[in-house]
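Dumped entry14.cif below, it's mmCIF, C-alpha atoms:
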data_query
#
loop_
_atom_site.label_atom_id
_atom_site.label_comp_id
_atom_site.auth_asym_id
_atom_site.auth_seq_id
_atom_site.Cartn_x
_atom_site.Cartn_y
_atom_site.Cartn_z
CA MET A 1 78.21 84.12 51.02
CA GLY A 2 78.37 87.34 53.08
CA ILE A 3 78.39 85.36 56.35
CA ARG A 4 81.18 83.09 55.09
CA LEU A 5 83.26 86.08 54.05
CA TRP A 6 82.74 87.78 57.44
CA CYS A 7 83.77 84.62 59.34
CA CYS A 8 86.85 84.24 57.15
CA CYS A 9 87.88 87.85 57.76
CA LEU A 10 87.31 87.45 61.51
CA ALA A 11 89.48 84.32 61.62
CA VAL A 12 92.26 86.03 59.69
CA SER A 13 92.14 89.13 61.91
CA VAL A 14 92.26 87.02 65.10
CA PHE A 15 95.23 85.08 63.72
CA LEU A 16 97.08 88.24 62.73
CA CYS A 17 96.41 89.91 66.08
CA GLY A 18 97.64 86.84 67.90
CA ALA A 19 100.73 86.66 65.73
CA ALA A 20 101.44 90.36 66.28
CA MET A 21 101.39 90.01 70.07
CA PRO A 22 104.92 89.51 71.40
CA PRO A 23 105.52 86.51 73.63
CA ALA A 24 105.46 87.16 77.37
CA SER A 25 108.89 88.22 78.55
CA ALA A 26 110.43 86.42 81.49
CA SER A 27 111.86 89.77 82.62
CA THR A 28 108.39 90.80 83.80
CA LEU A 29 108.69 88.30 86.68
CA SER A 30 110.40 89.83 89.71
CA PHE A 31 111.96 87.54 92.33
CA GLY A 32 112.43 88.43 95.98
CA LEU A 33 112.45 87.42 99.63
CA SER A 34 109.98 88.11 102.41
CA LEU A 35 111.67 89.59 105.47
CA SER A 36 110.88 89.08 109.13
CA GLY A 37 110.90 92.70 110.25
CA ARG A 38 114.65 93.47 110.22
CA ILE A 39 115.47 96.01 107.53
CA ASP A 40 119.16 95.06 107.47
CA THR A 41 118.17 91.66 106.08
CA ILE A 42 117.71 93.39 102.72
CA TRP A 43 121.49 93.69 102.55
CA LYS A 44 121.90 90.07 103.67
CA GLY A 45 119.39 89.01 101.03
CA GLU A 46 121.50 90.68 98.37
CA GLN A 47 124.38 88.47 99.46
CA LEU A 48 122.22 85.42 98.81
CA ALA A 49 121.07 86.53 95.34
CA SER A 50 120.13 89.63 93.39
CA HIS A 51 116.46 90.46 93.94
CA GLY A 52 114.01 92.86 92.39
CA CYS A 53 111.55 92.99 95.29
CA TYR A 54 111.23 92.42 99.02
CA GLY A 55 108.24 91.59 101.16
CA LEU A 56 107.22 92.46 104.70
CA THR A 57 104.19 91.35 106.71
CA ILE A 58 102.69 93.87 109.14
CA THR A 59 99.52 94.63 111.10
CA ASP A 60 97.90 98.01 111.71
CA LYS A 61 99.99 98.34 114.93
CA ASP A 62 103.37 97.73 113.26
CA ASP A 63 106.01 100.47 113.29
CA THR A 64 108.42 98.97 110.73
CA LEU A 65 106.47 100.03 107.65
CA LEU A 66 108.03 103.40 106.80
CA PRO A 67 111.65 102.28 107.44
CA PHE A 68 111.05 99.28 105.18
CA LEU A 69 109.50 101.37 102.41
CA HIS A 70 112.28 103.97 102.58
CA SER A 71 114.95 101.25 102.50
CA CYS A 72 113.40 99.61 99.43
CA ALA A 73 113.15 102.96 97.65
CA GLN A 74 116.79 103.78 98.38
CA GLU A 75 117.93 100.37 97.10
CA GLY A 76 115.70 100.56 94.02
CA LYS A 77 113.66 97.52 95.10
CA THR A 78 109.93 96.96 94.75
CA ALA A 79 108.22 96.80 98.15
CA VAL A 80 105.49 94.20 98.71
CA VAL A 81 103.70 94.72 102.04
CA THR A 82 101.26 92.13 103.34
CA LEU A 83 98.76 93.80 105.65
CA ARG A 84 97.08 91.37 108.04
CA SER A 85 94.42 91.86 110.69
CA GLN A 86 95.77 92.32 114.22
CA ASN A 87 93.77 89.35 115.54
CA ASP A 88 93.25 87.71 112.11
CA GLU A 89 89.49 87.79 112.71
CA THR A 90 88.30 91.39 112.25
CA PHE A 91 89.13 94.33 110.02
CA PRO A 92 90.55 97.44 111.72
CA SER A 93 88.62 100.66 112.15
CA LEU A 94 88.26 103.10 109.26
CA GLU A 95 90.43 105.54 111.18
CA LYS A 96 93.32 103.05 111.26
CA LEU A 97 92.89 102.24 107.58
CA HIS A 98 93.08 105.92 106.64
CA ALA A 99 96.20 106.34 108.78
CA LEU A 100 97.89 103.34 107.17
CA ALA A 101 97.02 104.48 103.67
CA LYS A 102 98.56 107.90 104.38
CA GLN A 103 101.82 106.21 105.43
CA PHE A 104 101.95 104.42 102.09
CA ASP A 105 101.27 107.69 100.31
CA GLN A 106 104.33 109.25 101.99
CA ALA A 107 106.68 106.64 100.54
CA LYS A 108 108.41 106.61 97.17
CA GLY A 109 109.12 103.83 94.70
CA ASP A 110 107.11 100.86 93.47
CA ILE A 111 104.81 99.53 96.19
CA TYR A 112 102.33 96.66 96.28
CA VAL A 113 99.98 96.09 99.21
CA ASN A 114 98.81 92.52 99.74
CA LEU A 115 95.63 93.62 101.49
CA TYR A 116 94.04 91.32 104.09
CA PRO A 117 94.65 87.91 102.48
CA TYR A 118 91.94 85.30 102.71
CA THR A 119 91.95 83.23 105.90
CA PRO A 120 89.06 81.10 107.18
CA SER A 121 89.01 83.05 110.46
CA LEU A 122 88.79 86.44 108.73
CA ALA A 123 86.39 85.29 106.01
CA LYS A 124 83.74 83.61 108.12
CA ASN A 125 81.02 85.26 106.04
CA ARG A 126 81.59 85.74 102.30
CA LEU A 127 79.50 88.90 101.88
CA VAL A 128 80.86 90.55 105.03
CA TYR A 129 84.45 89.79 104.03
CA GLN A 130 83.98 91.07 100.49
CA ALA A 131 82.27 94.25 101.71
CA ASN A 132 85.00 95.00 104.25
CA TRP A 133 87.75 94.23 101.76
CA ALA A 134 86.16 96.51 99.15
CA GLN A 135 85.85 99.30 101.74
CA ALA A 136 89.51 98.96 102.72
CA ALA A 137 90.57 98.88 99.06
CA ALA A 138 88.58 102.06 98.34
CA ILE A 139 90.39 103.87 101.16
CA PHE A 140 93.79 102.84 99.82
CA ARG A 141 92.82 103.79 96.27
CA GLN A 142 91.80 107.25 97.48
CA GLU A 143 94.56 107.95 100.02
CA ALA A 144 97.49 106.25 98.23
CA PRO A 145 96.61 106.11 94.53
CA SER A 146 100.14 105.22 93.38
CA ILE A 147 100.25 101.81 95.10
CA GLN A 148 98.95 98.59 93.56
CA LEU A 149 96.72 96.21 95.48
CA ILE A 150 96.97 92.42 95.75
CA TRP A 151 94.28 90.06 96.98
CA SER A 152 95.71 86.66 97.86
CA LEU A 153 94.51 83.22 98.85
CA PRO A 154 96.09 79.92 99.93
CA ALA A 155 97.12 77.27 97.39
CA GLU A 156 95.89 74.38 99.53
CA ASP A 157 92.28 75.61 99.33
CA VAL A 158 92.40 77.62 96.12
CA GLN A 159 89.09 76.54 94.59
CA TYR A 160 86.98 77.27 97.68
CA ALA A 161 88.86 80.43 98.68
CA PHE A 162 88.54 81.90 95.18
CA SER A 163 84.78 82.15 95.72
CA PHE A 164 85.56 84.90 98.28
CA ALA A 165 87.37 87.05 95.71
CA PRO A 166 86.54 90.78 95.65
CA LYS A 167 85.55 92.46 92.41
CA VAL A 168 88.36 92.22 89.86
CA THR A 169 88.40 96.04 89.60
CA ASP A 170 89.20 96.33 93.33
CA TYR A 171 92.65 94.72 93.06
CA ASP A 172 95.50 94.80 90.55
CA LEU A 173 97.17 91.42 91.14
CA LEU A 174 95.75 88.11 92.29
CA GLY A 175 98.13 86.61 94.84
CA LEU A 176 98.82 83.08 95.98
CA SER A 177 100.46 81.76 99.15
CA CYS A 178 101.85 78.24 99.34
CA HIS A 179 103.57 76.73 102.38
CA GLY A 180 104.23 73.09 103.13
CA THR A 181 106.53 70.11 102.84
CA PRO A 182 108.41 69.57 99.56
CA LYS A 183 105.79 67.06 98.44
CA GLU A 184 102.86 69.32 99.33
CA VAL A 185 104.26 72.37 97.55
CA SER A 186 105.23 70.35 94.46
CA LEU A 187 101.61 69.19 94.17
CA GLN A 188 99.68 72.26 95.29
CA LEU A 189 101.55 75.15 93.63
CA PRO A 190 101.37 74.06 89.95
CA PHE A 191 97.67 73.19 90.30
CA ALA A 192 96.83 76.48 92.02
CA LEU A 193 98.74 78.51 89.42
CA GLN A 194 96.96 76.74 86.58
CA PHE A 195 93.57 77.17 88.25
CA LEU A 196 94.03 80.91 88.86
CA SER A 197 95.50 81.57 85.41
CA LEU A 198 92.32 80.12 83.91
CA GLN A 199 89.94 81.83 86.33
CA SER A 200 91.44 85.30 86.72
CA GLN A 201 91.49 88.31 84.43
CA ASN A 202 94.23 89.92 86.56
CA PRO A 203 97.98 89.27 86.55
CA LEU A 204 99.18 86.83 89.21
CA SER A 205 101.73 86.88 92.01
CA VAL A 206 103.07 84.34 94.48
CA SER A 207 103.03 86.57 97.53
CA SER A 208 104.50 83.95 99.88
CA LEU A 209 106.21 80.64 99.10
CA GLY A 210 107.67 78.41 101.78
CA ILE A 211 109.14 74.91 101.34
CA SER A 212 110.03 73.33 104.65
CA HIS A 213 113.19 71.28 105.13
CA TYR A 214 112.56 70.50 108.82
CA GLU A 215 109.31 69.84 110.71
CA THR A 216 109.16 69.76 114.51
CA SER A 217 106.27 67.29 114.31
CA THR A 218 108.47 64.61 112.69
CA HIS A 219 111.97 65.83 113.67
CA ARG A 220 113.04 64.88 110.15
CA TYR A 221 115.24 66.89 107.81
CA THR A 222 114.27 66.92 104.12
CA ILE A 223 116.94 69.23 102.71
CA GLU A 224 117.56 67.38 99.44
CA GLU A 225 113.83 67.04 98.81
CA ALA A 226 113.34 70.75 99.52
CA ALA A 227 116.16 71.69 97.13
CA THR A 228 114.52 69.68 94.33
CA ALA A 229 111.06 71.07 95.14
CA LEU A 230 112.47 74.59 95.03
CA GLN A 231 113.60 74.06 91.44
CA THR A 232 110.23 72.55 90.52
CA ALA A 233 108.35 75.46 92.10
CA TYR A 234 110.34 78.15 90.30
CA ASP A 235 110.04 76.30 86.98
CA ALA A 236 106.26 76.14 87.48
CA CYS A 237 106.14 79.86 88.21
CA ARG A 238 108.22 80.82 85.17
CA ALA A 239 105.82 78.84 82.99
CA VAL A 240 102.95 81.22 83.88
CA PRO A 241 103.18 84.25 81.54
CA THR A 242 100.91 86.44 83.69
CA LEU A 243 102.97 85.99 86.88
CA ARG A 244 104.57 89.26 88.01
CA LEU A 245 105.99 88.66 91.52
CA LEU A 246 107.45 85.70 93.40
CA LEU A 247 108.41 86.13 97.05
CA TYR A 248 110.06 83.36 99.03
CA ASP A 249 109.35 83.27 102.78
CA ASN A 250 112.86 82.89 104.18
CA SER A 251 111.80 82.20 107.78
CA ASP A 252 112.48 79.63 110.48
CA GLN A 253 109.35 79.23 112.57
CA THR A 254 110.89 76.55 114.82
CA ILE A 255 112.97 79.04 116.81
CA ALA A 256 112.05 79.66 120.47
CA LEU A 257 108.87 77.59 120.44
CA PRO A 258 107.37 75.76 123.41
CA ALA A 259 107.84 72.00 123.44
CA GLY A 260 105.24 70.08 121.46
CA VAL A 261 104.27 72.95 119.12
CA ALA A 262 104.35 71.96 115.46
CA ALA A 263 106.30 74.36 113.24
CA SER A 264 108.32 74.43 110.02
CA ASN A 265 111.69 75.76 108.91
CA TYR A 266 111.41 77.45 105.50
CA ALA A 267 114.73 79.33 105.71
CA ILE A 268 117.04 78.69 102.77
CA SER A 269 119.79 81.07 103.90
CA SER A 270 121.09 78.79 106.66
CA ASP A 271 121.91 75.72 104.50
CA GLU A 272 124.45 75.54 101.70
CA THR A 273 122.49 72.99 99.65
CA LEU A 274 119.39 75.16 99.73
CA ARG A 275 121.36 78.33 98.98
CA ARG A 276 122.84 76.72 95.87
CA SER A 277 119.44 75.46 94.76
CA TYR A 278 117.90 78.91 95.24
CA GLN A 279 120.69 80.66 93.35
CA GLN A 280 120.38 78.14 90.51
CA ALA A 281 116.61 78.68 90.35
CA LEU A 282 117.14 82.42 89.92
CA GLN A 283 120.02 82.00 87.44
CA THR A 284 117.82 79.79 85.28
CA HIS A 285 115.53 82.78 85.05
#
Turn the structure described in the file into structure tokens.
Amino acid sequence: MGIRLWCCCLAVSVFLCGAAMPPASASTLSFGLSLSGRIDTIWKGEQLASHGCYGLTITDKDDTLLPFLHSCAQEGKTAVVTLRSQNDETFPSLEKLHALAKQFDQAKGDIYVNLYPYTPSLAKNRLVYQANWAQAAAIFRQEAPSIQLIWSLPAEDVQYAFSFAPKVTDYDLLGLSCHGTPKEVSLQLPFALQFLSLQSQNPLSVSSLGISHYETSTHRYTIEEAATALQTAYDACRAVPTLRLLLYDNSDQTIALPAGVAASNYAISSDETLRRSYQQALQTH
């Protein structure tokens, strides 16, 4: 009888706790664009839509970090900085990591650091990668305690790459990058989001999303397909209650390339159909 009563009380308490928890608010999801190094594109991005955050990818030799952080702080935007390895194969020296962390500590405002995302070339050895990542994270925690750290992985290989994850206490958000054709993104992104939401104890972010509407390999434009996939992608992201950030990679990688090199155009700002689709995706939010 005592066991039955205890189980009944436990069930009631779980139900009441669940009922007392407010539903996840869509306002916790911040939309933004990733920039290509030019700080004045923040202003241009505001012409496209109203954003809560902006992203920038740098290496340890980049000199655009502090201007970007100061600009975001002045505009009241959250800064999301992706820090990559200079050669994408080795971590920088401890001296460089300390110097970078001190630059972040000088800045004001809300700052996330997407620290050394998983790539096959950087993560050739699981234990070595995890140890180096943890060491870098410890330096940033100590030197710039106000920032939040992101560890991210690619959507196309999410199950395998997740096995390289650092300790959950070493990062604040689990990030996801997803680039590809409209068909690829429409398939990969929802699956990856569902997989990570079930596997991770941490909130999620889409640190880089790119849907191509032109591929140099096929010389085919897929603007209408990209516009539809953009809506599908943003709907999939809004359906994840633990998602905090969504950055779109507004870049054209086909510019000034040698003949025969395969590249994609992810830029939505240069096409009216894609601009309307992007604005509608954010207005739905």
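Near A:Asp40, within a cut-off of 10 Å and counting only C-alpha atoms, sit the residues A:Leu35, A:Lys44, A:Gly45, A:Phe68, A:Ser71, with same-chain residues fewer than 4 positions away left out.
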*asked:* With distances taken over only C-alpha atoms, which residue among A:Leu173, A:Ala144, A:Leu196, A:Leu127 lies nearest A:Asp105?
replied: A:Ala144
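Of the listed residues A:Leu204, A:His179, A:Val185, A:Asp249, the one whose atoms come nearest to A:Glu225 is A:Val185, with distances taken using all atoms listed in the file.
Using only C-alpha atoms, the nearest neighbour of A:Ile39 within the list A:His70, A:His51, A:Lys108, A:Lys61 is A:His70.
Compared by their closest atoms to A:Leu193, and using all atoms listed in the file, the residues A:Asp235, A:Glu143, A:Asp62, A:Asp110 rank with A:Asp235 nearest.
Across the structure, atom CA of A:Ile150 and atom CA of A:Tyr116 are spaced 8.9 Å apart.
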*asked:* Residue by residue, what does the PyMOL selection byres ((chain A and resi 59) around 6) grab here? Present the result as number ranges by chain.
replied: A: 58, 60-62, 83-86
*6 Å contact set for stretch 98-101 of chain A, only C-alpha atoms, chain neighbours under 2 positions out, as a VMD selection string*: chain A and resid 95 to 96 103 to 104 140 143 to 144
For the residues in that selection, give me C-alpha atoms as a PDB file, in the frame of the given file.
ATOM      1  CA  GLU A  95      90.430 105.540 111.180  1.00  0.00           C
ATOM      2  CA  LYS A  96      93.320 103.050 111.260  1.00  0.00           C
ATOM      3  CA  GLN A 103     101.820 106.210 105.430  1.00  0.00           C
ATOM      4  CA  PHE A 104     101.950 104.420 102.090  1.00  0.00           C
ATOM      5  CA  PHE A 140      93.790 102.840  99.820  1.00  0.00           C
ATOM      6  CA  GLU A 143      94.560 107.950 100.020  1.00  0.00           C
ATOM      7  CA  ALA A 144      97.490 106.250  98.230  1.00  0.00           C
TER       8      ALA A 144
END
*Using all atoms listed in the file, find the one residue out of A:Tyr54, A:Val206, A:Leu115, A:Arg141 that sits nearest to A:Leu245.*
A:Val206
_A:Ala138 surroundings by only C-alpha atoms, 12 Å radius, close-in-sequence under 3 positions cut, as a VMD selection string_ = chain A and resid 94 97 to 98 101 115 131 to 135 141 to 145 148 to 149 166 to 167 169 to 171
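Selection by the PyMOL selection byres ((chain A and resi 201) around 10) on the present file picks out Val168, Thr169, Asp172, Leu173, Leu174, Leu196, Ser197, Leu198, Gln199, Ser200, Asn202, Pro203, Leu204 and Thr242 of chain A.
Taking atom CA of A:Ala123 as the reference point, atom CA of A:Cys237 is found at 27.1 Å.
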